[in-house]
>>> print(open('target07.cif').read())   # mmCIF, C-alpha atoms
data_input
loop_
_atom_site.label_atom_id
_atom_site.label_comp_id
_atom_site.auth_asym_id
_atom_site.auth_seq_id
_atom_site.Cartn_x
_atom_site.Cartn_y
_atom_site.Cartn_z
CA MET A 1 109.57 134.14 143.88
CA LYS A 2 108.97 133.51 140.18
CA LEU A 3 109.10 137.24 139.44
CA ALA A 4 112.38 137.58 141.37
CA LYS A 5 113.91 134.74 139.34
CA GLN A 6 112.72 136.32 136.08
CA LEU A 7 114.25 139.67 137.06
CA PHE A 8 117.49 137.99 138.07
CA ASN A 9 117.68 136.11 134.77
CA PHE A 10 117.00 139.34 132.91
CA TYR A 11 119.81 140.98 134.93
CA LEU A 12 122.18 138.28 133.69
CA ASN A 13 120.89 137.87 130.14
CA SER A 14 120.82 141.62 129.46
CA SER A 15 124.55 141.86 130.33
CA ILE A 16 124.03 144.18 133.32
CA HIS A 17 126.06 141.83 135.50
CA VAL A 18 129.00 141.61 133.12
CA ALA A 19 128.84 145.40 132.66
CA LEU A 20 129.17 145.82 136.43
CA SER A 21 132.27 143.62 136.29
CA VAL A 22 133.85 145.78 133.58
CA PHE A 23 132.81 148.89 135.52
CA SER A 24 134.42 147.45 138.67
CA LEU A 25 137.73 146.67 136.99
CA THR A 26 137.83 150.20 135.52
CA TRP A 27 137.26 151.77 138.92
CA ILE A 28 139.92 149.47 140.45
CA THR A 29 142.43 150.89 137.96
CA LEU A 30 141.65 154.44 139.12
CA ILE A 31 142.04 153.43 142.77
CA GLU A 32 145.29 151.51 142.19
CA HIS A 33 146.89 154.45 140.39
CA GLN A 34 145.46 157.01 142.83
CA VAL A 35 143.37 158.79 140.21
CA LEU A 36 140.23 160.69 141.19
CA PHE A 37 136.81 159.14 140.61
CA ASP A 38 135.88 159.74 136.96
CA LYS A 39 132.10 159.57 136.60
CA GLN A 40 132.11 160.18 132.84
CA VAL A 41 134.47 157.36 131.89
CA LEU A 42 132.96 154.90 134.40
CA CYS A 43 129.40 155.55 133.22
CA PHE A 44 130.53 155.30 129.61
CA VAL A 45 132.22 151.96 130.27
CA PHE A 46 129.13 150.60 132.03
CA PHE A 47 126.62 151.53 129.33
CA ALA A 48 129.01 150.67 126.48
CA SER A 49 129.55 147.21 127.98
CA ILE A 50 125.82 146.51 127.98
CA VAL A 51 125.50 147.70 124.38
CA GLY A 52 128.61 145.86 123.20
CA TYR A 53 127.86 142.55 124.87
CA ASN A 54 124.21 142.53 123.79
CA PHE A 55 125.27 143.41 120.25
CA VAL A 56 127.68 140.49 120.14
CA LYS A 57 125.30 138.01 121.82
CA TYR A 58 122.08 138.88 120.05
CA PHE A 59 123.07 140.33 116.66
CA GLY A 60 122.34 137.10 114.84
CA LEU A 61 119.16 136.35 116.77
CA ALA A 62 117.53 139.74 116.20
CA LYS A 63 117.30 139.09 112.45
CA PHE A 64 115.05 136.05 112.75
CA HIS A 65 111.63 137.63 113.15
CA HIS A 66 109.91 134.35 112.22
CA TRP A 67 111.18 132.97 115.55
CA SER A 68 108.28 134.81 117.17
CA LEU A 69 105.99 132.10 115.79
CA VAL A 70 108.03 129.32 117.38
CA PHE A 71 109.51 130.94 120.50
CA PRO A 72 107.20 133.84 121.43
CA LYS A 73 108.47 134.07 125.03
CA ALA A 74 112.11 134.14 123.91
CA ILE A 75 111.36 136.91 121.42
CA ARG A 76 109.58 138.98 124.07
CA LYS A 77 112.64 138.70 126.30
CA LEU A 78 114.85 139.66 123.37
CA LYS A 79 112.69 142.71 122.70
CA ALA A 80 113.08 143.80 126.32
CA ILE A 81 116.85 143.45 126.00
CA GLU A 82 116.77 145.44 122.74
CA ILE A 83 114.86 148.26 124.46
CA LEU A 84 117.32 148.30 127.37
CA SER A 85 120.24 148.31 124.93
CA PHE A 86 118.70 151.22 123.01
CA PHE A 87 118.50 153.42 126.11
CA CYS A 88 121.99 152.33 127.17
CA PHE A 89 123.23 153.31 123.70
CA ILE A 90 121.79 156.82 124.16
CA LEU A 91 123.44 157.14 127.58
CA MET A 92 126.69 155.74 126.16
CA CYS A 93 126.70 158.47 123.49
CA TYR A 94 125.88 161.13 126.09
CA TYR A 95 128.89 160.23 128.22
CA ALA A 96 131.12 159.70 125.18
CA PHE A 97 130.72 163.38 124.25
CA GLN A 98 132.16 164.29 127.66
CA LEU A 99 135.36 162.31 127.21
CA GLU A 100 138.76 163.50 126.00
CA GLU A 101 139.73 163.26 122.33
CA ASN A 102 142.49 160.71 122.97
CA THR A 103 140.00 158.61 124.91
CA LEU A 104 137.62 158.62 121.95
CA ILE A 105 140.42 157.33 119.72
CA CYS A 106 140.98 154.43 122.12
CA ILE A 107 137.24 153.78 122.18
CA ALA A 108 137.17 153.67 118.37
CA VAL A 109 139.91 151.03 118.36
CA PHE A 110 138.32 148.75 120.95
CA GLY A 111 134.84 149.39 119.56
CA GLY A 112 136.11 148.39 116.11
CA ILE A 113 137.45 145.11 117.47
CA THR A 114 134.09 144.41 119.12
CA PHE A 115 132.26 145.22 115.89
CA LEU A 116 134.47 142.95 113.78
CA TYR A 117 134.11 140.24 116.44
CA ALA A 118 130.39 139.98 115.65
CA ILE A 119 129.96 141.13 112.04
CA PRO A 120 130.84 138.93 109.02
CA PHE A 121 133.50 140.74 107.02
CA LEU A 122 136.27 138.37 105.87
CA PRO A 123 136.42 136.02 102.87
CA ARG A 124 134.78 132.66 103.50
CA HIS A 125 137.91 130.66 102.62
CA LEU A 126 139.63 131.99 105.74
CA PHE A 127 137.10 130.23 107.99
CA LEU A 128 136.31 126.72 109.01
CA ASP A 129 132.57 127.31 109.31
CA LYS A 130 129.84 129.50 107.78
CA HIS A 131 130.50 132.51 110.04
CA GLN A 132 132.89 135.15 108.75
CA ASN A 133 133.79 137.17 111.80
CA LEU A 134 136.69 137.29 114.24
CA ARG A 135 134.62 135.27 116.70
CA SER A 136 134.79 132.27 114.37
CA ILE A 137 138.57 132.12 113.94
CA GLY A 138 139.76 129.09 115.86
CA GLY A 139 141.20 129.89 119.28
CA LEU A 140 140.98 133.68 118.90
CA LYS A 141 137.87 134.43 120.99
CA ILE A 142 139.35 134.38 124.50
CA TYR A 143 142.39 136.47 123.55
CA LEU A 144 140.31 139.13 121.78
CA ILE A 145 137.96 139.52 124.72
CA ALA A 146 140.87 139.72 127.17
CA LEU A 147 142.55 142.35 124.97
CA VAL A 148 139.43 144.52 124.84
CA TRP A 149 138.75 144.17 128.58
CA ALA A 150 142.36 144.99 129.48
CA GLY A 151 142.39 148.00 127.16
CA VAL A 152 139.05 149.37 128.33
CA THR A 153 139.55 148.79 132.06
CA VAL A 154 143.22 149.82 132.33
CA PHE A 155 144.27 152.21 129.59
CA LEU A 156 140.97 153.94 128.79
CA PRO A 157 140.38 155.55 132.23
CA LEU A 158 144.03 156.59 132.57
CA VAL A 159 144.21 158.10 129.07
CA ASN A 160 141.10 160.12 129.87
CA GLN A 161 142.92 161.56 132.91
CA HIS A 162 146.10 162.28 130.89
CA PHE A 163 147.90 159.84 133.17
CA THR A 164 151.40 158.88 132.03
CA ILE A 165 151.48 155.35 130.63
CA ASP A 166 154.57 154.17 132.50
CA ILE A 167 155.89 150.71 133.32
CA ASN A 168 153.46 150.35 136.24
CA VAL A 169 150.49 150.89 133.92
CA VAL A 170 151.88 148.43 131.37
CA LEU A 171 152.34 145.82 134.10
CA THR A 172 148.77 146.44 135.27
CA GLY A 173 147.61 145.91 131.69
CA ILE A 174 149.48 142.60 131.49
CA GLN A 175 148.02 141.53 134.83
CA ARG A 176 144.52 142.43 133.72
CA TYR A 177 144.96 140.53 130.45
CA MET A 178 146.01 137.39 132.34
CA PHE A 179 143.21 137.80 134.88
CA ILE A 180 140.52 138.06 132.20
CA ILE A 181 141.82 134.97 130.41
CA VAL A 182 141.66 132.98 133.66
CA LEU A 183 138.22 134.39 134.44
CA MET A 184 136.98 133.13 131.08
CA LEU A 185 138.31 129.59 131.46
CA PRO A 186 135.35 128.35 133.59
CA PHE A 187 133.06 129.60 130.79
CA GLU A 188 135.08 127.73 128.18
CA ILE A 189 135.00 124.57 130.30
CA ARG A 190 131.22 124.95 130.71
CA ASP A 191 130.71 125.45 126.98
CA LEU A 192 132.84 122.46 126.05
CA GLN A 193 129.69 120.40 125.49
CA TYR A 194 128.14 123.07 123.24
CA ASP A 195 130.97 124.73 121.31
CA SER A 196 131.78 123.63 117.79
CA LEU A 197 135.13 121.85 117.56
CA LYS A 198 136.06 124.39 114.90
CA LEU A 199 136.31 127.10 117.56
CA SER A 200 139.46 125.44 118.98
CA THR A 201 138.93 126.71 122.52
CA ILE A 202 141.63 126.02 125.09
CA PRO A 203 139.78 123.09 126.76
CA GLN A 204 139.08 121.60 123.33
CA LYS A 205 142.76 121.72 122.40
CA ILE A 206 144.40 120.57 125.62
CA GLY A 207 141.63 119.20 127.83
CA VAL A 208 140.02 120.41 131.06
CA LYS A 209 142.81 119.31 133.43
CA GLN A 210 145.56 121.04 131.46
CA THR A 211 143.37 124.13 131.05
CA LYS A 212 143.08 124.43 134.82
CA ALA A 213 146.84 123.95 135.21
CA ILE A 214 147.56 126.76 132.73
CA GLY A 215 144.99 128.94 134.51
CA VAL A 216 146.70 128.42 137.86
CA LEU A 217 150.09 129.32 136.34
CA LEU A 218 148.60 132.49 134.85
CA LEU A 219 147.13 133.40 138.24
CA LEU A 220 150.53 132.97 139.89
CA ALA A 221 152.09 135.23 137.26
CA PHE A 222 149.18 137.67 137.69
CA PHE A 223 149.93 137.94 141.42
CA PHE A 224 153.74 138.02 141.36
CA ILE A 225 153.90 140.67 138.62
CA GLU A 226 152.67 143.05 141.34
CA PHE A 227 156.13 142.92 142.96
CA PHE A 228 157.80 144.29 139.82
CA LYS A 229 155.97 147.62 140.16
CA ASP A 230 157.74 150.69 141.50
CA GLU A 231 155.28 151.18 144.34
CA ILE A 232 153.68 148.33 146.27
CA ALA A 233 150.78 148.96 148.65
CA SER A 234 150.68 146.18 151.23
CA VAL A 235 146.90 146.23 151.72
CA ASN A 236 146.25 146.21 147.96
CA THR A 237 148.65 143.27 147.63
CA ILE A 238 146.74 141.34 150.30
CA ILE A 239 143.48 142.06 148.45
CA LEU A 240 145.12 140.92 145.22
CA LEU A 241 146.15 137.68 146.94
CA VAL A 242 142.58 137.11 148.15
CA ILE A 243 141.21 137.67 144.63
CA THR A 244 143.86 135.35 143.19
CA ILE A 245 142.89 132.57 145.60
CA ILE A 246 139.14 133.02 145.03
CA THR A 247 139.57 133.03 141.25
CA GLY A 248 141.79 129.95 141.51
CA VAL A 249 139.17 128.09 143.55
CA PHE A 250 136.47 128.92 141.00
CA LEU A 251 138.74 127.71 138.20
CA VAL A 252 139.78 124.46 139.86
CA CYS A 253 136.19 123.64 140.87
CA SER A 254 134.73 124.41 137.44
CA LYS A 255 133.49 121.50 135.35
CA VAL A 256 131.66 120.83 132.12
CA GLU A 257 128.31 120.25 133.83
CA GLN A 258 128.01 123.39 135.96
CA LYS A 259 125.10 124.78 137.91
CA PRO A 260 123.28 127.50 135.92
CA TYR A 261 124.74 130.49 137.78
CA TYR A 262 128.23 129.16 138.56
CA SER A 263 130.04 131.03 135.79
CA ALA A 264 127.36 133.46 134.66
CA PHE A 265 126.96 134.97 138.13
CA TRP A 266 129.55 133.82 140.66
CA VAL A 267 132.67 133.79 138.48
CA GLU A 268 131.59 137.02 136.79
CA ALA A 269 131.12 138.59 140.24
CA VAL A 270 134.79 138.30 141.23
CA PRO A 271 135.72 141.77 139.85
CA ILE A 272 132.77 143.25 141.76
CA LEU A 273 134.04 141.65 144.99
CA TRP A 274 137.52 142.99 144.18
CA LEU A 275 136.13 146.52 143.88
CA ILE A 276 134.20 146.21 147.16
CA LEU A 277 137.38 145.14 148.98
CA MET A 278 139.29 148.06 147.44
CA LEU A 279 136.59 150.55 148.44
CA LEU A 280 136.53 149.23 152.00
CA ASN A 281 140.25 149.91 152.15
CA THR A 282 139.99 153.52 150.94
#
>>> encode(input="target07.cif", output="structure tokens")
Amino acid sequence: MKLAKQLFNFYLNSSIHVALSVFSLTWITLIEHQVLFDKQVLCFVFFASIVGYNFVKYFGLAKFHHWSLVFPKAIRKLKAIEILSFFCFILMCYYAFQLEENTLICIAVFGGITFLYAIPFLPRHLFLDKHQNLRSIGGLKIYLIALVWAGVTVFLPLVNQHFTIDINVVLTGIQRYMFIIVLMLPFEIRDLQYDSLKLSTIPQKIGVKQTKAIGVLLLLAFFFIEFFKDEIASVNTIILLVITIITGVFLVCSKVEQKPYYSAFWVEAVPILWLILMLLNT
């Protein structure tokens, strides 16, 4: 039982779970726009998500080698994550070489945003704390992550297939952007007790109750935008409604003092459930 818990925690902490969510949303885009299964782009997205998220989460920690004297178990876990990330980086590069040139340009853009999100690069006077990266600019975090997720999961797979970026694709991108913002709100509510006030997260600025209200409004917009598309598949719309309701329930029930896996596993699993429902329909 202890081993199973350790493996499960490693699954979460090493970003495999979040990578599956990004992978799922990318595959959903292909299904929604009736594009053939693209192994190269899906595998790239999966491995790149692990590398990107671990880079952002652990970049600062990896530099403190003296931590091994104080937290030896934590450092051993970090080393395991570093090894996993190294092999994922190799696989990411392997699949990247199989993608189209235009796709690589998109990857460079979103990869650059991820890099600047974690690495100090701007003058100190632009920041309210000691960090000098995009992550530290008040209120920017959630919108940057949503932008990258929407770009990678909607536009990247379609560009790789030379799919025309029409109004339906743009609307899907807007929907995905809204969905990711809402999906992140339970995390921001959870982190309210830990985050520095300088981060200016949405719950910090307007409170938990108003954050949930805005999230519900975004979910309503997320769902009803579907009816502005040229083609509407009734079954897909029903699935979208189910996902909207489930996400709304998770948002409304989220609180500052959450159970350990509420956001990290269950909320993050919503895109995976969405994919499963879509695959059952195909």
>>> resolve_selection(input="target07.cif", expression="the PyMOL selection byres ((chain A and resi 203-211) around 8)", output="list in words")
Leu185, Glu188, Ile189, Leu192, Leu197, Ser200, Thr201, Ile202, Lys212, Ala213, Ile214, Gly215 and Lys255 of chain A
>>> closest_residue(input="target07.cif", among="A:Ile81, A:Tyr94, A:Leu25, A:Ser15", to="Gln175 (chain A)", atoms="all atoms listed in the file")
A:Leu25
>>> atom_distance(input="target07.cif", atom1="CA of Trp274 (chain A)", atom2="CA of Cys43 (chain A)")
18.5 Å
>>> resolve_selection(input="target07.cif", expression="the PyMOL selection byres ((chain A and resi 275) around 8)", output="list in words")
Ser24, Leu25, Trp27, Ile28, Pro271, Ile272, Leu273, Trp274, Ile276, Leu277, Met278 and Leu279 of chain A
>>> closest_atom_pairs(input="target07.cif", of="region 175-226 of chain A", to="region 152-159 of chain A", cutoff="12 Å", atoms="only C-alpha atoms", output="tab-separated table")
residue	atom	partner	partner_atom	distance
A:Gln175	CA	A:Val154	CA	9.9
A:Arg176	CA	A:Val154	CA	7.6
A:Tyr177	CA	A:Val154	CA	9.6
A:Phe179	CA	A:Thr153	CA	11.9
A:Ile180	CA	A:Thr153	CA	10.8
>>> write_last_selection(input="target07.cif", atoms="C-alpha atoms", output="JSON list (two decimals), in the coordinates of the input")
[["chain", "number", "residue", "atom", "x", "y", "z"],
["A", 175, "GLN", "CA", 148.02, 141.53, 134.83],
["A", 176, "ARG", "CA", 144.52, 142.43, 133.72],
["A", 177, "TYR", "CA", 144.96, 140.53, 130.45],
["A", 179, "PHE", "CA", 143.21, 137.80, 134.88],
["A", 180, "ILE", "CA", 140.52, 138.06, 132.20]]
>>> resolve_selection(input="target07.cif", expression="the PyMOL selection byres ((chain A and resi 20) around 10)", output="PyMOL selection string")
chain A and resi 15-19+21-26+45-47+49-50+268-269+271-272
>>> closest_residue(input="target07.cif", among="A:Asn236, A:Gln6, A:Gln193, A:Asn13", to="Glu257 (chain A)", atoms="all atoms listed in the file")
A:Gln193
>>> atom_distance(input="target07.cif", atom1="CA of Leu183 (chain A)", atom2="CA of Cys106 (chain A)")
23.7 Å
>>> atom_distance(input="target07.cif", atom1="CA of Val169 (chain A)", atom2="CA of Gly112 (chain A)")
23.0 Å
>>> closest_residue(input="target07.cif", among="A:Val170, A:Ala96, A:Leu218, A:Leu280", to="Ala48 (chain A)", atoms="all atoms listed in the file")
A:Ala96
>>> closest_residue(input="target07.cif", among="A:Phe37, A:Ala150, A:Glu32, A:Phe115", to="Val235 (chain A)", atoms="all atoms listed in the file")
A:Glu32
>>> closest_residue(input="target07.cif", among="A:Thr237, A:Ser263, A:Asn160, A:Thr244", to="Met184 (chain A)", atoms="only C-alpha atoms")
A:Ser263
>>> closest_residue(input="target07.cif", among="A:Leu116, A:Ala4, A:Val267, A:Val35", to="Phe55 (chain A)", atoms="all atoms listed in the file")
A:Leu116
>>> residues_around(input="target07.cif", residues="Gln40 (chain A)", least_positions_apart="6", cutoff="9 Å", atoms="all atoms listed in the file", output="list of chain:residue names")
A:Tyr95, A:Ala96, A:Gln98, A:Leu99
>>> write_last_selection(input="target07.cif", atoms="C-alpha atoms", output="compact mmCIF listing (two decimals), in the coordinates of the input")
# COMPACT_ATOMS: atom_id res chain seq x y z
CA TYR A 95 128.89 160.23 128.22
CA ALA A 96 131.12 159.70 125.18
CA GLN A 98 132.16 164.29 127.66
CA LEU A 99 135.36 162.31 127.21
>>> decode(input="target07.cif", residues="region 183-226 of chain A", atoms="N, CA and C atoms", output="compact mmCIF listing (two decimals), in the first residue's frame")
# COMPACT_ATOMS: atom_id res chain seq x y z
N LEU A 183 -10.38 25.74 -15.14
CA LEU A 183 -9.75 24.55 -14.57
C LEU A 183 -8.66 24.91 -13.56
N MET A 184 -8.06 26.07 -13.73
CA MET A 184 -6.99 26.51 -12.83
C MET A 184 -7.51 27.21 -11.57
N LEU A 185 -8.75 27.64 -11.58
CA LEU A 185 -9.27 28.39 -10.44
C LEU A 185 -9.28 27.58 -9.14
N PRO A 186 -9.64 26.28 -9.15
CA PRO A 186 -9.53 25.51 -7.90
C PRO A 186 -8.11 25.46 -7.35
N PHE A 187 -7.11 25.46 -8.24
CA PHE A 187 -5.71 25.50 -7.81
C PHE A 187 -5.40 26.84 -7.15
N GLU A 188 -5.89 27.91 -7.75
CA GLU A 188 -5.63 29.24 -7.19
C GLU A 188 -6.33 29.43 -5.84
N ILE A 189 -7.52 28.84 -5.72
CA ILE A 189 -8.23 28.90 -4.44
C ILE A 189 -7.46 28.10 -3.38
N ARG A 190 -6.98 26.92 -3.77
CA ARG A 190 -6.19 26.08 -2.86
C ARG A 190 -4.93 26.79 -2.39
N ASP A 191 -4.27 27.48 -3.32
CA ASP A 191 -2.98 28.11 -3.02
C ASP A 191 -3.12 29.48 -2.36
N LEU A 192 -4.35 29.87 -2.08
CA LEU A 192 -4.59 31.19 -1.49
C LEU A 192 -3.84 31.36 -0.17
N GLN A 193 -3.71 30.25 0.57
CA GLN A 193 -3.04 30.32 1.87
C GLN A 193 -1.52 30.29 1.76
N TYR A 194 -1.00 29.98 0.56
CA TYR A 194 0.44 29.88 0.36
C TYR A 194 1.02 30.98 -0.52
N ASP A 195 0.25 31.44 -1.50
CA ASP A 195 0.77 32.39 -2.48
C ASP A 195 1.09 33.75 -1.85
N SER A 196 2.17 34.35 -2.33
CA SER A 196 2.50 35.71 -1.91
C SER A 196 1.42 36.66 -2.43
N LEU A 197 1.09 37.65 -1.65
CA LEU A 197 0.09 38.64 -2.06
C LEU A 197 0.53 39.40 -3.30
N LYS A 198 1.84 39.40 -3.56
CA LYS A 198 2.38 40.12 -4.71
C LYS A 198 2.01 39.45 -6.02
N LEU A 199 1.58 38.18 -5.96
CA LEU A 199 1.22 37.47 -7.19
C LEU A 199 -0.11 37.97 -7.76
N SER A 200 -0.94 38.56 -6.92
CA SER A 200 -2.23 39.12 -7.35
C SER A 200 -3.07 38.10 -8.13
N THR A 201 -3.24 36.92 -7.56
CA THR A 201 -4.08 35.92 -8.20
C THR A 201 -5.54 36.36 -8.15
N ILE A 202 -6.38 35.73 -8.93
CA ILE A 202 -7.79 36.13 -8.99
C ILE A 202 -8.46 36.04 -7.62
N PRO A 203 -8.31 34.93 -6.87
CA PRO A 203 -8.94 34.89 -5.53
C PRO A 203 -8.39 35.94 -4.58
N GLN A 204 -7.11 36.28 -4.73
CA GLN A 204 -6.54 37.32 -3.88
C GLN A 204 -7.16 38.68 -4.16
N LYS A 205 -7.45 38.93 -5.42
CA LYS A 205 -7.96 40.25 -5.82
C LYS A 205 -9.45 40.43 -5.56
N ILE A 206 -10.23 39.36 -5.77
CA ILE A 206 -11.69 39.52 -5.68
C ILE A 206 -12.36 38.59 -4.68
N GLY A 207 -11.59 37.68 -4.09
CA GLY A 207 -12.16 36.76 -3.12
C GLY A 207 -12.61 35.45 -3.75
N VAL A 208 -12.82 34.45 -2.90
CA VAL A 208 -13.17 33.10 -3.38
C VAL A 208 -14.56 33.07 -4.00
N LYS A 209 -15.54 33.70 -3.36
CA LYS A 209 -16.92 33.66 -3.84
C LYS A 209 -17.04 34.29 -5.22
N GLN A 210 -16.43 35.44 -5.42
CA GLN A 210 -16.48 36.12 -6.71
C GLN A 210 -15.69 35.35 -7.78
N THR A 211 -14.62 34.70 -7.35
CA THR A 211 -13.83 33.88 -8.27
C THR A 211 -14.68 32.75 -8.83
N LYS A 212 -15.43 32.11 -7.97
CA LYS A 212 -16.32 31.02 -8.41
C LYS A 212 -17.40 31.55 -9.35
N ALA A 213 -17.92 32.73 -9.04
CA ALA A 213 -18.97 33.32 -9.89
C ALA A 213 -18.42 33.60 -11.30
N ILE A 214 -17.22 34.17 -11.37
CA ILE A 214 -16.60 34.43 -12.67
C ILE A 214 -16.34 33.13 -13.40
N GLY A 215 -15.89 32.11 -12.67
CA GLY A 215 -15.65 30.80 -13.27
C GLY A 215 -16.90 30.21 -13.88
N VAL A 216 -18.00 30.32 -13.19
CA VAL A 216 -19.29 29.80 -13.70
C VAL A 216 -19.69 30.55 -14.97
N LEU A 217 -19.51 31.87 -14.98
CA LEU A 217 -19.84 32.66 -16.18
C LEU A 217 -18.96 32.25 -17.36
N LEU A 218 -17.68 32.02 -17.10
CA LEU A 218 -16.77 31.56 -18.16
C LEU A 218 -17.19 30.20 -18.68
N LEU A 219 -17.64 29.32 -17.79
CA LEU A 219 -18.09 28.00 -18.22
C LEU A 219 -19.34 28.09 -19.10
N LEU A 220 -20.24 28.99 -18.74
CA LEU A 220 -21.44 29.19 -19.57
C LEU A 220 -21.05 29.69 -20.96
N ALA A 221 -20.12 30.64 -21.01
CA ALA A 221 -19.64 31.15 -22.30
C ALA A 221 -18.93 30.04 -23.06
N PHE A 222 -18.12 29.25 -22.35
CA PHE A 222 -17.41 28.11 -22.94
C PHE A 222 -18.38 27.17 -23.64
N PHE A 223 -19.51 26.89 -22.99
CA PHE A 223 -20.49 25.96 -23.58
C PHE A 223 -21.25 26.58 -24.73
N PHE A 224 -21.76 27.79 -24.55
CA PHE A 224 -22.64 28.39 -25.57
C PHE A 224 -21.90 28.87 -26.82
N ILE A 225 -20.59 29.06 -26.72
CA ILE A 225 -19.81 29.39 -27.92
C ILE A 225 -19.91 28.27 -28.95
N GLU A 226 -20.14 27.05 -28.47
CA GLU A 226 -20.26 25.89 -29.37
C GLU A 226 -21.34 26.11 -30.43
